[in-house]
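The structure under discussion appears below in the form of structure tokens.
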Amino acid sequence: MLTTAQREQYQHDGYIVIPNFKNGDEIARLRARAGEIVAAFDPAESRAVFTTRDQARASDAWFLGSDNTIRCFFEEEAFGPDGRLKQAKALSINKIGHAMHDLDPVFDAFTHDATLAAVARDLGLEQPQVWQSMYIFKQPGIGGEVRWHQDATFFDSTPISVTTFWFALEDATIENGCLWVEPGGHRGPLRERFLRDGDAVTMEKLDGTPWPDDSTAVPLEAKAGDLVCFHGLLPHYSAPNRSSVSRHAFTLHVTDARTAYSPRNWIQRDDSLPVRGFV
Ligand code: FE2
């Protein structure tokens with residue numbers, strides 16, 4: 001599936017962009033299904049927002065209980081001082097997570113794809129295990145920033161194998177909050193680890209290496225349909241969306257079953273919902 005040059009680029013930079021990976025119909029189906037999930041979501045169930053500021057403290061029961069189900073999270077700026085939504089519900093949701101790929105037929109079909117399996121194999125994932133899916137809205141005007149982090153913080157294994165598959169469902173630009181990455185940064189250390197013990201979570205500091213700055217970060221603008229694959233140690237962030245257009249994306253987090261998945265990761269599976277690969 002991938003060329004030698006693409007594989008070498010992934011090794012060197014820690015990421016690759018594969019243009020036109022998903023077609024318009026596949027994207028339209030996923031977007032429509034996400035819209036239905038949001039339409040069916042009753043905000044009275046939870047007003048939980050998703051934030052990457054002090055994530056250990058901000059993680060509540062709604063978040064921790066979303067590991068193996070499908071839940072919606074609001075943008076941090078969704079509510080006004082009067083406690084009401086500032087804009088329509090459909091324009092207020094930050095993301096849907098975290099098990100649509102196993103529990104929803106449309107997300108399942110998008111994820112369990114032989115071409116994706118071939119890409120994963122070419123990236124070194126011989127026995128892929130798809131732990132998490134997220135549909136990220138990055139809403140116009142209020143789409144929240146996602147601070148610098150490494151995805152291995154949330155999907156630790158020995159050795160580290162987590163790989164992120166990030167699908168642009170709309171054009172991602174600097175204006176609407178595209179990804180920023182540090183090319184080659186995956187060769188650095190894991191800085192922190194998000195640990196779960198029952199209903200308690202902590203963020204453990206592992207390494208004091210500073211996060212990249214504007215001198216080394218590069219924007220990854222992408223067209224709808226493009227797939228960005230990146231290494232679990234690659235530092236990345238995305239800025240708030242202050243533009244008038246949304247920036248929908250879908251992500252999958254995948255480890256290799258040949259590596260030991262940490263029992264302290266916040267997402268665990270048992271026989272009732274076993275973790276699966278791409279096919
Ligand atoms: Fe991430």
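Chain lettering (A, B, ...) mirrors the order of the structure tokens, residue numbering begins at 1 for each chain separately, and ligand numbering begins at 1 in order of display.
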Could the residues that lie within 12 Å of ligand 1, counting only C-alpha atoms and all ligand atoms, be listed as a ChimeraX atom specification? /A:52,132-134,136,145-155,162-166,179-181,228-238,249-253
Might you pull out every residue within 8 Å of range 111-124 of chain A, with only C-alpha atoms counted and same-chain residues fewer than 4 positions away left off, and present them as a list in words?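 In the requested format, the answer is Met1, Leu2, Arg7, Tyr10, His101, Phe107, Pro128, Gly277, Phe278 and Val279 of chain A.
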Could you write out that same residue set with C-alpha atoms as a compact mmCIF listing (two decimals), in the first residue's frame?
```
# COMPACT_ATOMS: atom_id res chain seq x y z
CA MET A 1 0.00 0.00 0.00
CA LEU A 2 2.65 2.53 1.04
CA ARG A 7 7.58 4.40 4.86
CA TYR A 10 7.16 8.07 8.39
CA HIS A 101 -15.89 1.92 15.72
CA PHE A 107 -18.45 3.91 12.10
CA PRO A 128 -3.40 -3.90 15.18
CA GLY A 277 -8.10 -5.07 14.49
CA PHE A 278 -8.99 -3.52 11.13
CA VAL A 279 -10.35 -6.64 9.47
```
If we count only C-alpha atoms, what is near range 64-76 of chain A at a cut-off of 6 Å, once residues fewer than 6 positions away on the same chain are taken out, given as a list of chain:residue names?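 Here the answer would be A:Ala48, A:Val49, A:Phe50, A:Ser92, A:Ile93, A:Asn94, A:Lys95, A:Ile96, A:Gly97, A:His98, A:Ala99, A:Met100, A:Ile267.
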Selection from above, all heavy atoms, as a compact mmCIF listing (two decimals), in the first residue's frame, can you write it?
```
# COMPACT_ATOMS: atom_id res chain seq x y z
N ALA A 48 -21.19 17.82 30.27
CA ALA A 48 -19.73 17.68 30.36
C ALA A 48 -19.07 18.32 29.14
O ALA A 48 -19.47 18.08 28.01
CB ALA A 48 -19.35 16.21 30.46
N VAL A 49 -18.05 19.11 29.42
CA VAL A 49 -17.25 19.69 28.34
C VAL A 49 -15.98 18.86 28.22
O VAL A 49 -15.57 18.16 29.16
CB VAL A 49 -16.88 21.17 28.60
CG1 VAL A 49 -18.14 22.01 28.73
CG2 VAL A 49 -16.00 21.31 29.82
N PHE A 50 -15.35 18.95 27.06
CA PHE A 50 -14.06 18.30 26.91
C PHE A 50 -12.99 19.38 26.89
O PHE A 50 -13.07 20.34 26.14
CB PHE A 50 -13.98 17.48 25.62
CG PHE A 50 -12.64 16.81 25.50
CD1 PHE A 50 -12.34 15.72 26.30
CD2 PHE A 50 -11.66 17.31 24.65
CE1 PHE A 50 -11.09 15.11 26.23
CE2 PHE A 50 -10.42 16.71 24.58
CZ PHE A 50 -10.12 15.62 25.37
N SER A 92 -22.41 22.94 19.04
CA SER A 92 -21.84 23.10 20.39
C SER A 92 -21.05 21.89 20.85
O SER A 92 -20.40 21.93 21.89
CB SER A 92 -22.97 23.35 21.40
OG SER A 92 -23.71 24.50 21.05
N ILE A 93 -21.13 20.80 20.10
CA ILE A 93 -20.48 19.55 20.54
C ILE A 93 -19.02 19.55 20.09
O ILE A 93 -18.71 19.78 18.93
CB ILE A 93 -21.22 18.32 19.95
CG1 ILE A 93 -22.69 18.31 20.41
CG2 ILE A 93 -20.51 17.02 20.35
CD1 ILE A 93 -22.89 18.13 21.89
N ASN A 94 -18.13 19.27 21.04
CA ASN A 94 -16.70 19.18 20.76
C ASN A 94 -16.36 17.86 20.09
O ASN A 94 -15.64 17.82 19.09
CB ASN A 94 -15.94 19.33 22.09
CG ASN A 94 -14.45 19.02 22.00
OD1 ASN A 94 -14.07 17.86 21.86
ND2 ASN A 94 -13.62 20.04 22.07
N LYS A 95 -16.87 16.76 20.67
CA LYS A 95 -16.55 15.46 20.08
C LYS A 95 -17.54 14.40 20.53
O LYS A 95 -18.28 14.57 21.50
CB LYS A 95 -15.13 15.03 20.47
CG LYS A 95 -14.95 14.63 21.93
CD LYS A 95 -13.55 14.04 22.15
CE LYS A 95 -13.33 13.69 23.60
NZ LYS A 95 -11.98 13.14 23.84
N ILE A 96 -17.52 13.29 19.77
CA ILE A 96 -18.21 12.06 20.16
C ILE A 96 -17.11 11.02 20.41
O ILE A 96 -16.15 10.93 19.65
CB ILE A 96 -19.13 11.54 19.05
CG1 ILE A 96 -20.07 12.63 18.51
CG2 ILE A 96 -19.96 10.36 19.55
CD1 ILE A 96 -20.84 12.20 17.25
N GLY A 97 -17.23 10.23 21.49
CA GLY A 97 -16.26 9.18 21.76
C GLY A 97 -16.90 8.09 22.59
O GLY A 97 -17.94 8.33 23.20
N HIS A 98 -16.30 6.96 22.75
CA HIS A 98 -14.97 6.59 22.26
C HIS A 98 -14.96 5.18 21.66
O HIS A 98 -13.89 4.63 21.45
CB HIS A 98 -13.94 6.66 23.40
CG HIS A 98 -13.64 8.05 23.85
ND1 HIS A 98 -14.30 8.70 24.87
CD2 HIS A 98 -12.77 8.98 23.37
CE1 HIS A 98 -13.84 9.92 25.02
NE2 HIS A 98 -12.91 10.13 24.12
N ALA A 99 -16.16 4.61 21.43
CA ALA A 99 -16.19 3.21 20.92
C ALA A 99 -17.14 3.05 19.73
O ALA A 99 -17.67 1.98 19.49
CB ALA A 99 -16.57 2.24 22.04
N MET A 100 -17.32 4.14 18.97
CA MET A 100 -18.24 4.05 17.82
C MET A 100 -17.77 3.00 16.82
O MET A 100 -18.58 2.37 16.14
CB MET A 100 -18.31 5.39 17.08
CG MET A 100 -18.87 6.53 17.89
SD MET A 100 -17.58 7.33 18.85
CE MET A 100 -16.76 8.32 17.61
N ILE A 267 -8.59 3.24 28.89
CA ILE A 267 -9.50 2.37 28.14
C ILE A 267 -9.01 0.93 28.24
O ILE A 267 -7.87 0.64 27.89
CB ILE A 267 -9.60 2.80 26.66
CG1 ILE A 267 -10.26 4.18 26.56
CG2 ILE A 267 -10.38 1.76 25.85
CD1 ILE A 267 -10.46 4.67 25.14
```
DSSP on the backbone: which residues in range 138-243 of chain A end up as helix (DSSP H, G or I)? Give the answer as number ranges by chain. A: 151-153, 185-187
Let's see if you can do this: from backbone DSSP, list all strand (DSSP E or B) residues in range 178-267 of chain A, as a count of residues only. 38
State, in Å with one decimal place, the distance from CA of Pro212 in chain A to CA of Asp226 in chain A.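 So the answer is 24.8 Å.
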Which of these, A:Phe41, A:Thr173, A:Thr158, A:Ala168, has the shortest distance to Gly24 in chain A once you count only C-alpha atoms?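 Checking each of A:Phe41, A:Thr173, A:Thr158, A:Ala168 against Gly24 in chain A, counting only C-alpha atoms, the winner is A:Ala168.
Note that CA of Glu170 in chain A and CA of Leu125 in chain A are 27.0 Å apart.
Candidate residues A:Cys178, A:Leu190, A:Val130, A:Ile27 were compared for distance to Lys205 in chain A, and the nearest is A:Leu190, using only C-alpha atoms.
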Interatomic distance between CA of Gly143 in chain A and CA of Ala44 in chain A?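 For CA of Gly143 in chain A relative to CA of Ala44 in chain A, the distance reads 21.4 Å.
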Nearest residue to Phe110 in chain A out of A:Glu26, A:Asp13, A:Asp271, A:Asp197, using only C-alpha atoms?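 Using only C-alpha atoms, Phe110 in chain A sits closest to A:Glu26.
Omitting Pro240 in chain A and its sequence neighbours fewer than 3 positions away, and counting only C-alpha atoms, the residues within 9 Å are A:Lys138, A:Gly141, A:Ile142, A:Gly143, A:Gly144, A:Glu145, A:Val146, A:Glu175, A:Asn176, A:Gly177, A:Ser243.
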Atoms kept (N, CA and C atoms) for selection, written as a tab-separated table (two decimals), in the first residue's frame:
```tsv
chain	number	residue	atom	x	y	z
A	138	LYS	N	-14.55	20.45	16.09
A	138	LYS	CA	-13.83	21.74	15.98
A	138	LYS	C	-14.79	22.80	15.42
A	141	GLY	N	-16.00	29.16	15.37
A	141	GLY	CA	-16.04	30.20	16.40
A	141	GLY	C	-15.58	29.73	17.78
A	142	ILE	N	-16.02	28.52	18.21
A	142	ILE	CA	-15.74	28.09	19.59
A	142	ILE	C	-14.94	26.79	19.65
A	143	GLY	N	-14.52	26.25	18.50
A	143	GLY	CA	-13.78	24.98	18.52
A	143	GLY	C	-12.55	25.10	19.40
A	144	GLY	N	-12.46	24.24	20.43
A	144	GLY	CA	-11.41	24.40	21.44
A	144	GLY	C	-10.04	23.97	20.95
A	145	GLU	N	-9.04	24.58	21.56
A	145	GLU	CA	-7.67	24.15	21.27
A	145	GLU	C	-7.42	22.79	21.91
A	146	VAL	N	-6.50	22.03	21.35
A	146	VAL	CA	-6.00	20.81	21.98
A	146	VAL	C	-4.51	21.04	22.18
A	175	GLU	N	-6.51	28.42	9.49
A	175	GLU	CA	-7.59	29.27	10.01
A	175	GLU	C	-8.59	28.49	10.88
A	176	ASN	N	-8.92	27.26	10.47
A	176	ASN	CA	-9.94	26.53	11.25
A	176	ASN	C	-9.36	25.51	12.22
A	177	GLY	N	-8.05	25.58	12.47
A	177	GLY	CA	-7.48	24.76	13.56
A	177	GLY	C	-6.95	23.41	13.12
A	243	SER	N	-12.56	30.62	13.17
A	243	SER	CA	-13.10	30.91	11.83
A	243	SER	C	-14.60	30.62	11.81
```
